[in-house]
>>> print(open('structure-v9.cif').read())   # mmCIF, C-alpha atoms and all ligand atoms
data_data
loop_
_atom_site.label_atom_id
_atom_site.label_comp_id
_atom_site.auth_asym_id
_atom_site.auth_seq_id
_atom_site.Cartn_x
_atom_site.Cartn_y
_atom_site.Cartn_z
CA MET A 103 -3.09 32.89 -9.04
CA THR A 104 -0.88 31.83 -11.92
CA ILE A 105 2.59 32.54 -13.25
CA LEU A 106 3.89 31.91 -16.76
CA VAL A 107 7.43 30.56 -17.01
CA THR A 108 9.29 30.30 -20.33
CA GLY A 109 12.10 27.76 -20.79
CA GLY A 110 10.86 25.72 -17.82
CA ALA A 111 12.11 22.41 -19.27
CA GLY A 112 15.73 23.59 -19.25
CA PHE A 113 18.25 23.31 -16.43
CA ILE A 114 17.39 26.35 -14.31
CA GLY A 115 13.76 26.61 -15.44
CA ALA A 116 13.01 23.00 -14.45
CA ASN A 117 14.63 23.48 -11.04
CA PHE A 118 12.56 26.64 -10.64
CA VAL A 119 9.28 24.93 -11.61
CA LEU A 120 9.96 22.00 -9.27
CA ASP A 121 10.79 24.31 -6.36
CA TRP A 122 7.84 26.60 -7.08
CA THR A 123 5.24 23.82 -7.24
CA SER A 124 6.53 22.27 -4.02
CA ALA A 125 6.45 25.56 -2.12
CA SER A 126 3.44 27.43 -3.53
CA PRO A 127 -0.15 26.53 -4.48
CA GLU A 128 0.03 28.75 -7.58
CA THR A 129 -0.25 27.19 -11.02
CA VAL A 130 2.73 27.39 -13.39
CA ILE A 131 2.16 27.63 -17.12
CA ASN A 132 5.40 26.35 -18.64
CA LEU A 133 6.03 27.47 -22.24
CA ASP A 134 9.05 25.72 -23.74
CA LYS A 135 10.06 25.02 -27.33
CA LEU A 136 11.86 21.82 -26.30
CA THR A 137 15.09 22.45 -28.14
CA TYR A 138 17.88 19.92 -27.48
CA ALA A 139 18.24 21.60 -24.04
CA GLY A 140 14.60 21.10 -23.03
CA ASN A 141 13.95 17.82 -21.24
CA LEU A 142 10.48 16.91 -20.00
CA GLN A 143 11.95 13.98 -18.10
CA SER A 144 13.34 16.58 -15.70
CA LEU A 145 9.71 17.36 -14.80
CA ALA A 146 8.46 13.77 -14.70
CA THR A 147 7.52 14.04 -11.01
CA LEU A 148 4.90 16.64 -12.02
CA ASP A 149 3.12 14.30 -14.45
CA GLY A 150 -0.62 14.48 -13.70
CA ASN A 151 -0.18 17.44 -11.32
CA PRO A 152 -2.71 20.13 -12.39
CA GLN A 153 -0.48 22.81 -10.85
CA HIS A 154 1.90 22.40 -13.81
CA VAL A 155 0.56 23.11 -17.30
CA PHE A 156 3.13 22.36 -19.98
CA VAL A 157 2.80 23.97 -23.42
CA ARG A 158 5.27 23.23 -26.18
CA GLY A 159 5.92 26.42 -28.11
CA ASP A 160 8.20 29.29 -29.02
CA ILE A 161 8.38 32.60 -27.15
CA ALA A 162 8.46 34.19 -30.61
CA ASP A 163 5.02 32.74 -31.47
CA SER A 164 3.03 35.85 -30.60
CA ALA A 165 -0.36 34.28 -31.36
CA LEU A 166 0.33 31.40 -28.97
CA VAL A 167 1.72 33.67 -26.26
CA ALA A 168 -1.25 36.07 -26.57
CA GLN A 169 -3.64 33.14 -26.29
CA LEU A 170 -1.86 31.79 -23.18
CA LEU A 171 -1.86 35.20 -21.52
CA ALA A 172 -5.55 35.77 -22.26
CA LYS A 173 -6.56 32.31 -21.07
CA HIS A 174 -4.50 32.04 -17.87
CA GLU A 175 -4.18 35.71 -16.87
CA PRO A 176 -0.81 35.26 -15.11
CA ARG A 177 0.26 37.74 -12.44
CA ALA A 178 3.83 37.43 -13.70
CA VAL A 179 5.86 36.22 -16.67
CA LEU A 180 9.37 34.86 -15.95
CA ASN A 181 11.62 34.55 -18.99
CA PHE A 182 14.16 31.73 -18.67
CA ALA A 183 13.96 30.67 -22.34
CA ALA A 184 17.22 31.12 -24.21
CA GLU A 185 19.96 29.50 -26.15
CA SER A 186 22.48 29.29 -23.32
CA HIS A 187 25.70 27.53 -24.36
CA VAL A 188 28.68 29.78 -25.21
CA ASP A 189 30.46 27.09 -27.28
CA ARG A 190 27.35 26.48 -29.39
CA SER A 191 27.04 30.23 -29.96
CA ILE A 192 30.55 30.24 -31.42
CA HIS A 193 29.75 27.41 -33.84
CA GLY A 194 26.22 28.58 -34.76
CA PRO A 195 25.17 32.03 -33.55
CA GLN A 196 21.93 32.34 -35.54
CA ALA A 197 19.69 30.48 -33.08
CA PHE A 198 21.00 32.79 -30.35
CA ILE A 199 19.87 35.86 -32.25
CA GLU A 200 16.52 34.27 -33.08
CA THR A 201 15.60 33.25 -29.53
CA ASN A 202 17.56 35.58 -27.27
CA VAL A 203 17.06 38.77 -29.28
CA VAL A 204 14.06 38.37 -31.61
CA GLY A 205 12.30 35.92 -29.29
CA THR A 206 12.65 38.21 -26.26
CA PHE A 207 11.47 41.16 -28.35
CA SER A 208 8.41 39.23 -29.50
CA LEU A 209 7.66 38.08 -25.94
CA LEU A 210 7.94 41.66 -24.69
CA GLU A 211 5.48 42.83 -27.34
CA SER A 212 2.97 40.12 -26.39
CA VAL A 213 3.36 40.89 -22.68
CA ARG A 214 3.06 44.64 -23.26
CA ALA A 215 -0.26 44.21 -25.08
CA TYR A 216 -1.55 41.96 -22.27
CA TRP A 217 -0.36 44.24 -19.47
CA GLN A 218 -1.73 47.40 -21.09
CA ALA A 219 -5.20 45.84 -21.19
CA LEU A 220 -5.11 44.94 -17.47
CA GLU A 221 -6.85 47.19 -14.97
CA GLY A 222 -6.57 48.12 -11.31
CA ALA A 223 -4.63 45.85 -8.96
CA LYS A 224 -3.93 43.30 -11.69
CA ARG A 225 -2.09 45.91 -13.72
CA GLU A 226 -0.42 47.37 -10.64
CA LEU A 227 0.92 44.03 -9.38
CA PHE A 228 1.93 42.46 -12.73
CA ARG A 229 5.67 41.75 -13.23
CA PHE A 230 7.89 40.65 -16.14
CA LEU A 231 11.08 39.06 -14.77
CA HIS A 232 13.95 38.55 -17.20
CA VAL A 233 16.61 35.97 -16.27
CA SER A 234 20.02 37.03 -17.54
CA THR A 235 23.71 36.42 -17.04
CA ASP A 236 26.90 37.99 -15.67
CA GLU A 237 28.52 37.39 -19.09
CA VAL A 238 26.96 40.62 -20.42
CA TYR A 239 29.54 42.55 -18.35
CA GLY A 240 32.53 41.02 -20.17
CA SER A 241 35.75 39.83 -18.59
CA LEU A 242 37.62 41.00 -15.45
CA THR A 243 41.35 41.04 -14.76
CA ALA A 244 42.57 39.26 -11.62
CA ASP A 245 42.48 42.38 -9.43
CA GLU A 246 39.42 44.26 -10.74
CA PRO A 247 36.41 44.51 -8.39
CA ALA A 248 33.43 42.21 -8.97
CA PHE A 249 30.61 43.24 -11.34
CA THR A 250 28.03 45.57 -9.81
CA GLU A 251 24.71 46.34 -11.52
CA ASN A 252 26.32 49.55 -12.85
CA HIS A 253 29.21 47.83 -14.61
CA ARG A 254 29.34 48.69 -18.31
CA TYR A 255 28.08 46.11 -20.79
CA GLN A 256 30.95 44.54 -22.75
CA PRO A 257 29.78 41.14 -24.06
CA ASN A 258 32.43 39.05 -25.82
CA SER A 259 30.64 36.01 -27.31
CA PRO A 260 27.64 35.75 -29.61
CA TYR A 261 25.80 34.26 -26.60
CA SER A 262 26.58 37.13 -24.23
CA ALA A 263 25.97 39.73 -26.96
CA SER A 264 22.52 38.25 -27.61
CA LYS A 265 21.73 38.24 -23.86
CA ALA A 266 22.97 41.84 -23.60
CA ALA A 267 20.62 42.81 -26.42
CA SER A 268 17.72 41.15 -24.63
CA ASP A 269 18.57 42.99 -21.39
CA HIS A 270 18.57 46.30 -23.25
CA LEU A 271 15.18 45.56 -24.79
CA VAL A 272 13.75 44.72 -21.36
CA ARG A 273 15.14 47.96 -19.96
CA ALA A 274 13.74 49.94 -22.90
CA TYR A 275 10.25 48.45 -22.45
CA HIS A 276 10.23 49.77 -18.90
CA HIS A 277 11.53 53.22 -19.76
CA THR A 278 9.43 53.68 -22.88
CA TYR A 279 6.17 51.91 -22.06
CA GLY A 280 6.32 51.60 -18.28
CA LEU A 281 6.24 47.78 -18.43
CA PRO A 282 6.93 46.62 -14.84
CA VAL A 283 10.14 44.67 -15.44
CA LEU A 284 12.78 43.12 -13.19
CA THR A 285 16.13 41.78 -14.46
CA THR A 286 18.47 39.35 -12.73
CA ASN A 287 22.08 38.84 -13.89
CA CYS A 288 23.46 35.63 -12.43
CA SER A 289 26.80 33.86 -12.36
CA ASN A 290 27.50 30.20 -13.32
CA ASN A 291 24.94 27.74 -11.96
CA TYR A 292 25.51 24.08 -11.14
CA GLY A 293 23.31 21.38 -9.66
CA PRO A 294 20.82 18.63 -10.59
CA LEU A 295 19.35 18.42 -14.13
CA HIS A 296 22.30 20.25 -15.73
CA PHE A 297 22.80 19.23 -19.38
CA PRO A 298 26.16 17.44 -19.67
CA GLU A 299 27.69 19.78 -22.24
CA LYS A 300 28.45 22.35 -19.53
CA LEU A 301 31.62 22.00 -17.46
CA ILE A 302 30.55 20.38 -14.17
CA PRO A 303 28.09 17.74 -15.47
CA LEU A 304 30.42 17.00 -18.40
CA ILE A 305 33.27 16.27 -16.00
CA ILE A 306 31.13 13.98 -13.83
CA VAL A 307 29.76 12.05 -16.81
CA ASN A 308 33.09 11.77 -18.66
CA ALA A 309 34.92 10.73 -15.51
CA LEU A 310 32.53 7.85 -14.84
CA GLN A 311 32.75 6.75 -18.48
CA GLY A 312 36.56 6.68 -18.39
CA LYS A 313 36.78 9.53 -20.91
CA ALA A 314 39.10 12.55 -21.03
CA LEU A 315 38.25 15.54 -18.83
CA PRO A 316 38.84 18.47 -21.21
CA ILE A 317 40.28 21.68 -19.77
CA TYR A 318 40.27 24.62 -22.15
CA GLY A 319 43.56 26.54 -22.36
CA ASP A 320 45.45 26.75 -19.06
CA GLY A 321 42.38 26.08 -16.87
CA GLN A 322 42.99 29.27 -14.85
CA GLN A 323 39.77 30.99 -16.00
CA ILE A 324 37.68 32.02 -13.03
CA ARG A 325 33.91 31.72 -12.65
CA ASP A 326 31.65 32.47 -9.66
CA TRP A 327 29.67 29.27 -9.02
CA LEU A 328 26.17 29.24 -7.52
CA TYR A 329 24.04 26.20 -6.62
CA VAL A 330 20.97 26.29 -8.88
CA LYS A 331 18.44 26.15 -6.00
CA ASP A 332 19.99 29.35 -4.64
CA HIS A 333 19.48 31.02 -8.02
CA CYS A 334 15.83 29.91 -7.87
CA SER A 335 15.39 31.38 -4.38
CA ALA A 336 16.97 34.64 -5.56
CA ILE A 337 14.51 34.84 -8.46
CA ARG A 338 11.59 34.25 -6.07
CA SER A 339 12.89 37.06 -3.81
CA VAL A 340 13.25 39.49 -6.70
CA LEU A 341 9.81 38.59 -8.07
CA GLU A 342 8.14 39.24 -4.72
CA GLY A 343 10.15 42.22 -3.45
CA GLY A 344 12.29 43.66 -6.23
CA ARG A 345 11.82 47.29 -7.20
CA VAL A 346 10.26 47.69 -10.64
CA GLY A 347 12.77 48.62 -13.35
CA GLU A 348 15.74 47.48 -11.25
CA VAL A 349 18.53 45.03 -12.04
CA TYR A 350 19.77 42.56 -9.40
CA ASN A 351 23.06 40.69 -9.67
CA VAL A 352 22.98 37.13 -8.28
CA GLY A 353 26.13 35.24 -7.33
CA GLY A 354 27.61 32.68 -4.99
CA TRP A 355 30.55 34.66 -3.53
CA ASN A 356 32.52 31.70 -4.76
CA GLU A 357 35.21 32.42 -7.35
CA MET A 358 37.10 29.35 -8.47
CA SER A 359 39.36 28.46 -11.38
CA ASN A 360 38.21 25.78 -13.79
CA ILE A 361 41.08 23.47 -12.87
CA ASP A 362 40.20 23.76 -9.17
CA ILE A 363 36.56 22.94 -9.96
CA VAL A 364 37.57 19.86 -11.92
CA THR A 365 40.03 18.56 -9.32
CA HIS A 366 37.40 19.10 -6.61
CA VAL A 367 34.85 17.05 -8.58
CA CYS A 368 37.48 14.33 -9.16
CA ALA A 369 38.26 14.15 -5.43
CA LEU A 370 34.56 13.75 -4.60
CA LEU A 371 34.17 11.01 -7.18
CA ASP A 372 37.30 9.30 -5.83
CA ALA A 373 35.59 9.17 -2.43
CA LEU A 374 32.02 8.35 -3.54
CA ARG A 375 32.62 6.05 -6.56
CA PRO A 376 36.32 5.07 -6.69
CA ARG A 377 37.80 3.90 -9.97
CA ALA A 378 38.30 0.15 -10.25
CA ASP A 379 42.08 0.66 -10.40
CA ARG A 380 41.94 2.97 -7.32
CA LYS A 381 43.74 5.72 -9.22
CA SER A 382 42.27 9.24 -9.11
CA TYR A 383 39.84 10.45 -11.77
CA ALA A 384 42.21 13.44 -12.00
CA GLU A 385 44.43 11.22 -14.14
CA GLN A 386 41.84 11.70 -16.91
CA ILE A 387 42.37 15.50 -17.01
CA THR A 388 43.46 16.60 -20.51
CA TYR A 389 44.37 20.12 -21.57
CA VAL A 390 42.80 21.04 -24.92
CA SER A 391 42.88 24.14 -27.13
CA ASP A 392 41.17 27.19 -25.68
CA ARG A 393 37.67 28.55 -26.41
CA PRO A 394 37.97 31.45 -28.91
CA GLY A 395 37.62 34.78 -27.09
CA HIS A 396 37.49 32.96 -23.74
CA ASP A 397 36.58 35.37 -20.92
CA ARG A 398 39.22 35.20 -18.19
CA ARG A 399 37.29 36.01 -15.05
CA TYR A 400 33.72 36.68 -13.89
CA ALA A 401 32.86 37.79 -10.36
CA ILE A 402 29.51 38.99 -9.04
CA ASP A 403 28.93 41.61 -6.39
CA ALA A 404 25.54 40.51 -5.00
CA ARG A 405 25.36 43.06 -2.18
CA LYS A 406 22.37 44.94 -3.64
CA LEU A 407 20.23 41.80 -3.48
CA GLU A 408 21.31 41.17 0.11
CA ARG A 409 20.83 44.80 1.18
CA GLU A 410 17.39 45.25 -0.39
CA LEU A 411 15.88 41.78 -0.14
CA GLY A 412 17.98 39.94 2.45
CA TRP A 413 19.02 37.21 -0.01
CA ARG A 414 22.19 35.20 0.43
CA PRO A 415 23.00 31.74 -0.96
CA ALA A 416 22.10 28.89 1.39
CA GLU A 417 24.71 26.44 0.05
CA THR A 418 28.47 26.64 0.29
CA PHE A 419 30.38 25.28 -2.71
CA GLU A 420 31.36 22.23 -0.63
CA SER A 421 27.74 21.37 0.25
CA GLY A 422 26.35 22.21 -3.19
CA ILE A 423 28.92 20.28 -5.21
CA ARG A 424 28.54 17.23 -2.94
CA LYS A 425 24.76 17.29 -3.52
CA THR A 426 25.36 17.69 -7.25
CA VAL A 427 27.82 14.81 -7.61
CA SER A 428 25.55 12.59 -5.50
CA TRP A 429 22.56 13.53 -7.66
CA TYR A 430 24.37 12.42 -10.84
CA LEU A 431 25.44 9.17 -9.17
CA ASP A 432 21.86 8.49 -8.04
CA ASN A 433 20.14 9.47 -11.31
CA ASN A 434 21.81 7.38 -13.94
CA PRO A 435 18.57 6.82 -15.95
CA TRP A 436 18.24 10.60 -16.47
CA VAL A 437 21.88 10.82 -17.55
CA GLU A 438 21.59 7.78 -19.84
CA ALA A 439 18.46 9.18 -21.52
CA VAL A 440 20.31 12.42 -22.25
CA LEU A 441 23.47 10.71 -23.50
CA SER A 442 21.61 8.26 -25.74
CA GLY A 443 19.26 10.97 -27.02
CA SER A 444 16.27 8.89 -25.96
CA TYR A 445 14.84 11.85 -24.04
CA ARG A 446 14.29 13.44 -27.47
CA SER A 447 12.49 10.48 -28.97
CA TRP A 448 10.40 10.31 -25.81
CA VAL A 449 9.32 13.91 -26.44
CA GLU A 450 8.37 13.12 -30.04
CA LYS A 451 6.41 10.06 -28.94
CA ASN A 452 4.68 12.00 -26.20
CA TYR A 453 3.43 14.60 -28.67
CA GLN A 454 2.62 12.09 -31.40
CA ASP A 455 0.42 10.20 -28.94
CA ARG A 456 -1.44 13.40 -28.12
CA GLY A 457 -2.41 13.86 -31.79
P1 LIG A 501 19.07 25.72 -20.85
O1 LIG A 501 19.73 25.82 -22.17
O2 LIG A 501 19.31 24.54 -19.98
O3 LIG A 501 17.47 25.81 -21.05
C1 LIG A 501 16.85 26.71 -21.93
C2 LIG A 501 15.41 26.28 -22.13
O4 LIG A 501 14.78 27.23 -23.00
C3 LIG A 501 15.26 24.90 -22.79
O5 LIG A 501 14.28 24.14 -22.11
C4 LIG A 501 14.81 25.23 -24.20
O6 LIG A 501 14.02 24.22 -24.79
C5 LIG A 501 14.04 26.52 -23.99
N1 LIG A 501 13.99 27.37 -25.19
C6 LIG A 501 15.01 27.68 -26.03
N2 LIG A 501 14.56 28.47 -27.03
C7 LIG A 501 13.24 28.68 -26.80
C8 LIG A 501 12.22 29.42 -27.45
N3 LIG A 501 12.49 30.12 -28.58
N4 LIG A 501 10.98 29.42 -26.95
C9 LIG A 501 10.68 28.70 -25.83
N5 LIG A 501 11.59 27.97 -25.17
C10 LIG A 501 12.86 27.97 -25.64
O7 LIG A 501 19.43 27.08 -20.10
P2 LIG A 501 19.62 27.34 -18.53
O8 LIG A 501 21.02 27.05 -18.17
O9 LIG A 501 18.51 26.71 -17.79
O10 LIG A 501 19.45 28.92 -18.50
C11 LIG A 501 18.17 29.52 -18.31
C12 LIG A 501 18.33 31.03 -18.38
O11 LIG A 501 19.24 31.47 -17.38
C13 LIG A 501 18.89 31.54 -19.70
O12 LIG A 501 18.24 32.73 -20.04
C14 LIG A 501 20.36 31.79 -19.41
O13 LIG A 501 20.86 32.81 -20.24
C15 LIG A 501 20.30 32.22 -17.97
N6 LIG A 501 21.50 31.95 -17.15
C16 LIG A 501 22.05 30.69 -17.12
C17 LIG A 501 23.13 30.44 -16.28
C18 LIG A 501 23.76 29.08 -16.18
O14 LIG A 501 24.82 28.94 -15.52
N7 LIG A 501 23.20 28.03 -16.76
C19 LIG A 501 23.66 31.49 -15.49
C20 LIG A 501 23.07 32.76 -15.57
C21 LIG A 501 21.98 32.96 -16.39
O1 LIG A 502 28.35 32.98 -16.28
C1 LIG A 502 27.05 32.51 -16.53
C2 LIG A 502 27.05 31.61 -17.73
O2 LIG A 502 27.59 30.36 -17.31
C3 LIG A 502 25.66 31.40 -18.32
O3 LIG A 502 25.18 32.64 -18.80
C4 LIG A 502 25.70 30.37 -19.45
O4 LIG A 502 24.38 30.12 -19.93
C5 LIG A 502 26.29 29.09 -18.91
O5 LIG A 502 26.41 28.14 -19.94
C6 LIG A 502 27.65 29.36 -18.29
O6 LIG A 502 28.61 29.73 -19.32
P1 LIG A 502 30.12 29.23 -19.28
O7 LIG A 502 30.71 29.35 -20.62
O8 LIG A 502 30.86 29.86 -18.16
O9 LIG A 502 29.84 27.66 -18.88
P2 LIG A 502 30.54 26.33 -19.33
O10 LIG A 502 30.07 25.26 -18.38
O11 LIG A 502 30.38 26.08 -20.79
O12 LIG A 502 32.09 26.60 -19.05
C7 LIG A 502 32.54 26.93 -17.74
C8 LIG A 502 34.04 27.18 -17.86
O13 LIG A 502 34.69 25.92 -18.13
C9 LIG A 502 34.44 28.09 -18.99
O14 LIG A 502 35.53 28.89 -18.58
C10 LIG A 502 34.85 27.14 -20.12
C11 LIG A 502 35.42 25.97 -19.35
N1 LIG A 502 35.26 24.65 -19.99
C12 LIG A 502 34.03 24.28 -20.42
C13 LIG A 502 33.83 23.05 -21.03
C14 LIG A 502 32.45 22.65 -21.54
C15 LIG A 502 36.36 23.79 -20.09
O15 LIG A 502 37.48 24.10 -19.68
N2 LIG A 502 36.15 22.57 -20.67
C16 LIG A 502 34.95 22.17 -21.16
O16 LIG A 502 34.84 21.05 -21.72
#
>>> encode(input="structure-v9.cif", output="structure tokens")
Amino acid sequence: MTILVTGGAGFIGANFVLDWTSASPETVINLDKLTYAGNLQSLATLDGNPQHVFVRGDIADSALVAQLLAKHEPRAVLNFAAESHVDRSIHGPQAFIETNVVGTFSLLESVRAYWQALEGAKRELFRFLHVSTDEVYGSLTADEPAFTENHRYQPNSPYSASKAASDHLVRAYHHTYGLPVLTTNCSNNYGPLHFPEKLIPLIIVNALQGKALPIYGDGQQIRDWLYVKDHCSAIRSVLEGGRVGEVYNVGGWNEMSNIDIVTHVCALLDALRPRADRKSYAEQITYVSDRPGHDRRYAIDARKLERELGWRPAETFESGIRKTVSWYLDNNPWVEAVLSGSYRSWVEKNYQDRG
């Protein structure tokens, strides 16, 4: 049995592939374009492991996707591939439309053609799982209830608008063609292998380098933080037991303001790797101008996933953030390769050597 994962060299995709290959004998075909966010060094422990087949390519390359589907006959396709950074979407939205909207459309077309040609149990059991975000629901006020799966779509950034469009396409392919889809909408992830342009890894890396810790606006924006391995376990649950055509919200039951996140990370670093002058890393906190259109609050109601599939996060924020900070302290070569950009030249060399 085989699954095809897209975007499996990114933060969540790589964690998913690593967890999957350690827990299941099934082969993973990993299709990733290796944008700046794709890092094969995150998957270095799988080098030479036949259970992981890496293919560099674009989800929008329908000839390549059709060839991979025909050759490997996966029982499921899981779509992690996306442009994922809100700030980048504000500075340059085009790539978000190309991958998140047009790319997802193209992938759906390729998968539809493959699935329609399947017969019997293979067709019956096939699944397309689309990994999406809570940002499609827009922003909550302080006292509004958390997002349920029925919350209206109200995306506010080019990123969330492009993810919303992809969700609608996935939904339409089920309603129109009967494609057996599942969609997950998850809150903010954190954990190992997180690219240090996102809040938590940026704070850890900047703190250790003696740089400013930038807080956008007043720092009172609220996110619901989930340890990445818990997101991966939720996706596995939905893949195996989710009802076809359904949407499942995934969250950590852990709403925190950005400033509380940052001071928590600083306190852990103070304990685990104190500054030479014994002052707190919190002294490096710097308030900077706000993100345009910054959503104030996200909160996920994950009760459907618990009720139907018995999923709850395994980590508390305290245990997950401690593991995360420790991982960054213990994996300086990975961090250095990202910061210096050498992970990119390693990718080029790797492919050059393969001819
Ligand atoms: P990421 O940016 O770390 O990784 C994205 C991966 O997709 C990279 O490896 C990149 O090379 C690849 N990719 C980009 N365009 C591609 C294309 N056209 N074809 C093939 N591969 C391509 O993102 P992430 O944080 O791992 O997020 C994964 C998914 O989960 C995304 O769909 C994102 O919207 C969603 N999500 C992320 C979070 C979060 O907190 N990070 C939360 C909820 C949902
Ligand atoms: O909610 C899920 C989303 O979480 C995912 O869909 C996105 O792919 C993922 O990138 C993430 O989006 P955010 O915009 O919430 O993540 P980010 O880490 O960029 O920012 C988290 C919060 O911290 C946000 O309110 C902005 C703020 N922030 C971020 C950075 C990078 C700062 O205050 N300072 C910073 O330097």
>>> residues_near_ligand(input="structure-v9.cif", ligand="ligand LIG 501 (chain A)", cutoff="7 Å", atoms="all atoms listed in the file", output="NGL selection string")
:A and (108-115 or 133-141 or 159-162 or 181-187 or 201 or 205 or 233-236 or 265 or 287-292 or 296-297)
>>> closest_atom_pairs(input="structure-v9.cif", of="chain A", to="ligand LIG 502 (chain A)", cutoff="9 Å", atoms="only C-alpha atoms and all ligand atoms", output="Markdown table")
| residue | atom | partner | partner_atom | distance |
| --- | --- | --- | --- | --- |
| A:Ala184 | CA | A:LIG502 | O4 | 8.4 |
| A:Glu185 | CA | A:LIG502 | O4 | 7.7 |
| A:Ser186 | CA | A:LIG502 | O4 | 4.0 |
| A:His187 | CA | A:LIG502 | O5 | 4.5 |
| A:Val188 | CA | A:LIG502 | O7 | 5.0 |
| A:Asp189 | CA | A:LIG502 | O11 | 6.6 |
| A:Ser234 | CA | A:LIG502 | O3 | 6.9 |
| A:Thr235 | CA | A:LIG502 | O3 | 4.4 |
| A:Asp236 | CA | A:LIG502 | O1 | 5.3 |
| A:Glu237 | CA | A:LIG502 | O1 | 5.2 |
| A:Val238 | CA | A:LIG502 | O3 | 8.3 |
| A:Tyr261 | CA | A:LIG502 | O4 | 8.0 |
| A:Ser262 | CA | A:LIG502 | O3 | 7.2 |
| A:Lys265 | CA | A:LIG502 | O3 | 8.3 |
| A:Asn287 | CA | A:LIG502 | C1 | 8.5 |
| A:Cys288 | CA | A:LIG502 | C1 | 6.3 |
| A:Ser289 | CA | A:LIG502 | O1 | 4.3 |
| A:Asn290 | CA | A:LIG502 | C1 | 4.0 |
| A:Asn291 | CA | A:LIG502 | O2 | 6.5 |
| A:Tyr292 | CA | A:LIG502 | O10 | 8.6 |
| A:Pro298 | CA | A:LIG502 | C14 | 8.4 |
| A:Glu299 | CA | A:LIG502 | C14 | 5.6 |
| A:Lys300 | CA | A:LIG502 | O10 | 3.5 |
| A:Leu301 | CA | A:LIG502 | O10 | 3.7 |
| A:Ile302 | CA | A:LIG502 | O10 | 6.5 |
| A:Pro303 | CA | A:LIG502 | O10 | 8.3 |
| A:Leu304 | CA | A:LIG502 | C14 | 6.8 |
| A:Ile305 | CA | A:LIG502 | O16 | 7.6 |
| A:Leu315 | CA | A:LIG502 | O16 | 7.1 |
| A:Pro316 | CA | A:LIG502 | O16 | 4.8 |
| A:Ile317 | CA | A:LIG502 | O15 | 3.7 |
| A:Tyr318 | CA | A:LIG502 | O15 | 3.8 |
| A:Gly319 | CA | A:LIG502 | O15 | 7.1 |
| A:Asp320 | CA | A:LIG502 | O15 | 8.4 |
| A:Gly321 | CA | A:LIG502 | O15 | 6.0 |
| A:Gln322 | CA | A:LIG502 | O14 | 8.3 |
| A:Gln323 | CA | A:LIG502 | O14 | 5.4 |
| A:Ile324 | CA | A:LIG502 | O14 | 6.7 |
| A:Arg325 | CA | A:LIG502 | O8 | 6.6 |
| A:Asp326 | CA | A:LIG502 | O1 | 7.4 |
| A:Trp327 | CA | A:LIG502 | O1 | 8.3 |
| A:Ser359 | CA | A:LIG502 | O14 | 8.2 |
| A:Asn360 | CA | A:LIG502 | O13 | 5.6 |
| A:Ile361 | CA | A:LIG502 | O15 | 7.7 |
| A:Ile363 | CA | A:LIG502 | O13 | 8.9 |
| A:Val364 | CA | A:LIG502 | O15 | 8.8 |
| A:Tyr389 | CA | A:LIG502 | O15 | 8.2 |
| A:Val390 | CA | A:LIG502 | N2 | 8.0 |
| A:Asp392 | CA | A:LIG502 | O15 | 7.7 |
| A:Arg393 | CA | A:LIG502 | C10 | 7.0 |
| A:His396 | CA | A:LIG502 | O14 | 6.9 |
| A:Asp397 | CA | A:LIG502 | O14 | 7.0 |
| A:Arg398 | CA | A:LIG502 | O14 | 7.3 |
| A:Arg399 | CA | A:LIG502 | O14 | 8.1 |
| A:Tyr400 | CA | A:LIG502 | O1 | 6.9 |
| A:Ala401 | CA | A:LIG502 | O1 | 8.9 |
>>> closest_residue(input="structure-v9.cif", among="A:Ala125, A:Met358, A:Leu145, A:Val157", to="Val107 in chain A", atoms="all atoms listed in the file")
A:Val157
>>> residues_around(input="structure-v9.cif", residues="range 429-435 of chain A", least_positions_apart="6", cutoff="9 Å", atoms="only C-alpha atoms", output="mmCIF file with C-alpha atoms, in the coordinates of the input")
data_model
loop_
_atom_site.group_PDB
_atom_site.id
_atom_site.type_symbol
_atom_site.label_atom_id
_atom_site.label_comp_id
_atom_site.auth_asym_id
_atom_site.auth_seq_id
_atom_site.Cartn_x
_atom_site.Cartn_y
_atom_site.Cartn_z
ATOM 1 C CA GLY A 293 23.310 21.380 -9.660
ATOM 2 C CA PRO A 294 20.820 18.630 -10.590
ATOM 3 C CA LEU A 295 19.350 18.420 -14.130
ATOM 4 C CA PRO A 303 28.090 17.740 -15.470
ATOM 5 C CA ILE A 306 31.130 13.980 -13.830
ATOM 6 C CA VAL A 307 29.760 12.050 -16.810
ATOM 7 C CA LEU A 374 32.020 8.350 -3.540
ATOM 8 C CA ARG A 375 32.620 6.050 -6.560
#
>>> atom_distance(input="structure-v9.cif", atom1="CA of Val346 in chain A", atom2="CA of Pro282 in chain A")
5.5 Å
>>> residues_around(input="structure-v9.cif", residues="Thr129 in chain A", least_positions_apart="6", cutoff="12 Å", atoms="all atoms listed in the file", output="JSON, numbers by chain")
{"A": [103, 104, 105, 106, 107, 119, 120, 122, 123, 148, 151, 152, 153, 154, 155, 156, 174, 175, 176, 177, 178]}
>>> atom_distance(input="structure-v9.cif", atom1="CA of Ala165 in chain A", atom2="CA of Leu209 in chain A")
10.4 Å
>>> closest_residue(input="structure-v9.cif", among="A:Leu220, A:Val213, A:Ala314, A:Gly422", to="Gln386 in chain A", atoms="only C-alpha atoms")
A:Ala314
>>> atom_distance(input="structure-v9.cif", atom1="CA of Trp217 in chain A", atom2="CA of Val340 in chain A")
19.3 Å
>>> closest_residue(input="structure-v9.cif", among="A:Ile199, A:Leu231, A:Val272, A:Leu441", to="Ser259 in chain A", atoms="only C-alpha atoms")
A:Ile199
